[in-house]
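Chemist: To start, I am sharing the structure in question, which I have written as structure tokens.
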Amino acid sequence: MGTHSLESYMRQVGADARAASRQLAAASTADKSRALLAMADGLAAGRAALLEANARDVEAAVSGGLEQPLVDRLVLDDAAIDRMIEGLHQVDKLPDPVGEVTDLVYRPTGIQVGRMRVPLGVIGIIYESRPNVTVEAASLCLKAGNASILRGGSEAFHSNQAIAAVIAASLDAARLPRAAVHLLNTTDRAAVGELLRLAEFVDVIVPRGGKGLIERISHESTIPVIKHLDGVCHVYIDADADVDMAVAVALNSKLSKFAVCNAMETLLVAAPIADRVLPALGDGFAKAGVELRGCARTRALLAGARPAAESDWREEYLGPVLAIRVVEGLDDAIAHINTYGSQHTDAIVTNHYGRARRFLAEVDSASVMVNASTQFADGFEYGLGAEIGISTDKLHARGPVGLEGLTTQKYVVFGNGEIRHR
């Protein structure tokens with residue numbers, strides 16, 4: 001596809017999505033439910049075709065030398081398809097946020113003022129590897145009344161096209177416009193750049209992928225972006241922590257899954273409790289094969305720890321490596337987190353109510369936890385049903401972004417012929 005024809009194609013996609021978004025904004029909950037359930041039935045009925053398409057992608061990825069972790073994310077099997085189907089049913093059961101009117105109050109003039117929740121409009125989603133994101137993104141945007149333009153990774157092209165065919169048929173069955181969900185039919189990398197310039201038609205961009213992808217989109221986009229760059233998450237073990245609880249929370253925060261953005265990457269331990277908690281944690285991490293990098297006081301208690309460099313305090317390892325620092329107390333812990341953290345997820349383990357409250361108030365992160373694993377920072381665990389991603393920005397959404405984060409509010413006013421007198 002030539003440069004001019006690609007630009008024309010992308011502008012047409014944008015214009016069609018904008019038109020579709022106006023129809024979706026007026027669609028009933030029942031209309032959207034029919035489409036979501038038809039998608040679930042279509043995935044079940046088209047399982048064989050989807051597995052065949054995915055096998056083509058996996059074979060090409062392996063022969064092309066794609067890194068094994070990316071190949072693993074690419075693979076679809078029966079269990080993965082079942083999870084996609086279950087996810088569609090879960091999204092269907094979520095309350096529809098669109099049209100909800102809240103905060104109604106009467107003003108002295110007699111008018112009644114409130115806020116109505118409405119769709120954002122058109123959402124562009126750029127992602128890598130995982131074909132299941134196509135289903136997740138399409139279903140969440142649809143439920144929230146938004147049209148979506150999806151740009152999946154070229155390594156999952158055939159899988160995504162097979163899923164897109166199911167989605168298109170489901171929209172037809174629900175009598176909703178096909179342009180409500182548009183998967184780009186090109187692997188041309190220039191399509192991403194064109195999408196980022198469609199401010200006339202696209203309201204928000206959501207990137208899902210590695211740091212390089214998100215940095216590029218943040219720098220190039222002319223459209224607001226919902227994103228997070230890093231997940232440098234901390235657990236701080238306070239001097240008044242229960243030792244058994246502290247060990248359990250810290251181990252789970254790191255070991256439940258390594259390569260997720262809510263995994264603990266730095267452990268902070270108050271000096272008065274360090275000699276009671278670090279040896280037990282050292283044993284637990286050693287059994288799991290985690291490399292420890294610590295400050296001098298950490299290494300005095302954990303002989304196997306390597307010296308930590310300044311860069312380790314800012315590192316998102318996404319693997320079996322952990323930085324550990326012994327701090328004097330809460331003030332030092334908060335200062336460290338606000339200096340080196342990424343405003344993603346941070347936790348304190350303590351039985352001291354006042355310190356817990358200070359931690360909640362003073363740590364500037366999207367999710368702040370007391371006596372709980374950082375790996376709970378997830379849309380499903382928060383009761384959102386699912387998430388389109390996690391945002392560490394402060395506008396417009398922060399933390400796991402579910403249906404509400406894919407909507408905005410407008411003021412609505414009810415009157416009975418009132419006029420304003422100056």
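Naming works like this for the structure tokens: A, B, ... for the chains as they're shown, residue 1 at the start of each chain, ligands 1 onward in shown order.
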I'd like the neighbourhood of range 151-162 of chain A as a list of chain:residue names, where a residue qualifies if any of its atoms comes within 6 Å (using only C-alpha atoms), though same-chain residues fewer than 6 positions away should be ignored.
Modeler: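 The filter keeps A:Leu50, A:Ala53, A:Asn54, A:Asp57, A:Ile126, A:Tyr127, A:Glu128, A:Ser129, A:Pro131, A:Leu184, A:Thr187.
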Chemist: Please run DSSP on the backbone and report, as a PyMOL selection string, all residues within range 157-344 of chain A that come out as helix (DSSP H, G or I).
Modeler: chain A and resi 157-173+178-180+190-196+211-220+243-255+271-287+296-301+310-314+330-340
Chemist: For Ala15 in chain A, which of A:Cys141, A:Val202, A:Leu36, A:Cys233 is the closest residue, counting only C-alpha atoms?
Modeler: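 Selected residue with least distance to Ala15 in chain A: A:Val202.
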Chemist: Excluding range 392-409 of chain A and residues on its chain fewer than 3 positions from it, collect all residues at most 7 Å away from it, counting only C-alpha atoms, and give them as a ChimeraX atom specification.
Modeler: /A:97,115-120,140-141,144,227-228,343-344,366-367,378-379,384,386-389
Chemist: Which of these residues is nearest to Arg11 in chain A, using only C-alpha atoms: A:Arg197, A:Arg107, A:Arg175, A:Lys93?
Modeler: A:Arg197
Chemist: Identify, on the basis of only C-alpha atoms, every residue whose closest approach to range 269-278 of chain A does not exceed 7 Å; exclude the query and any residue fewer than 4 positions from it along the same chain; express the result as a ChimeraX atom specification.
Modeler: /A:236-239,243,247,282,301,325-329
Chemist: Atoms to include: N, CA and C atoms. Write the selected residues as a compact mmCIF listing (two decimals), in the first residue's frame.
Modeler:
# COMPACT_ATOMS: atom_id res chain seq x y z
N TYR A 236 6.89 -1.71 50.98
CA TYR A 236 7.62 -1.22 52.15
C TYR A 236 7.16 -1.98 53.38
N ILE A 237 8.10 -2.63 54.06
CA ILE A 237 7.81 -3.36 55.30
C ILE A 237 8.17 -2.45 56.46
N ASP A 238 7.15 -2.02 57.17
CA ASP A 238 7.30 -1.06 58.25
C ASP A 238 7.80 -1.75 59.52
N ALA A 239 8.34 -0.96 60.43
CA ALA A 239 8.85 -1.51 61.69
C ALA A 239 7.76 -2.18 62.51
N VAL A 243 5.53 -9.99 60.97
CA VAL A 243 6.61 -10.59 60.17
C VAL A 243 6.06 -11.62 59.19
N VAL A 247 6.31 -11.26 55.08
CA VAL A 247 6.96 -12.25 54.21
C VAL A 247 6.00 -12.72 53.13
N GLY A 282 14.93 -13.79 52.10
CA GLY A 282 16.06 -14.26 51.31
C GLY A 282 15.94 -15.73 50.96
N LEU A 301 22.90 -8.68 55.84
CA LEU A 301 21.95 -9.68 56.32
C LEU A 301 21.70 -10.79 55.32
N ARG A 325 16.33 -2.46 49.64
CA ARG A 325 16.99 -1.36 50.36
C ARG A 325 16.46 -1.28 51.78
N VAL A 326 17.35 -1.19 52.75
CA VAL A 326 16.97 -0.97 54.14
C VAL A 326 16.90 0.53 54.36
N VAL A 327 15.77 1.01 54.87
CA VAL A 327 15.56 2.44 55.11
C VAL A 327 15.33 2.67 56.59
N GLU A 328 15.48 3.94 57.00
CA GLU A 328 15.33 4.24 58.44
C GLU A 328 13.88 4.09 58.90
N GLY A 329 12.93 4.44 58.03
CA GLY A 329 11.54 4.38 58.43
C GLY A 329 10.63 4.90 57.34
Chemist: DSSP on the backbone: what in range 125-283 of chain A comes out strand (DSSP E or B), as a PyMOL selection string?
Modeler: chain A and resi 125-127+147-151+181-183+204-208+225+233-237+264-270
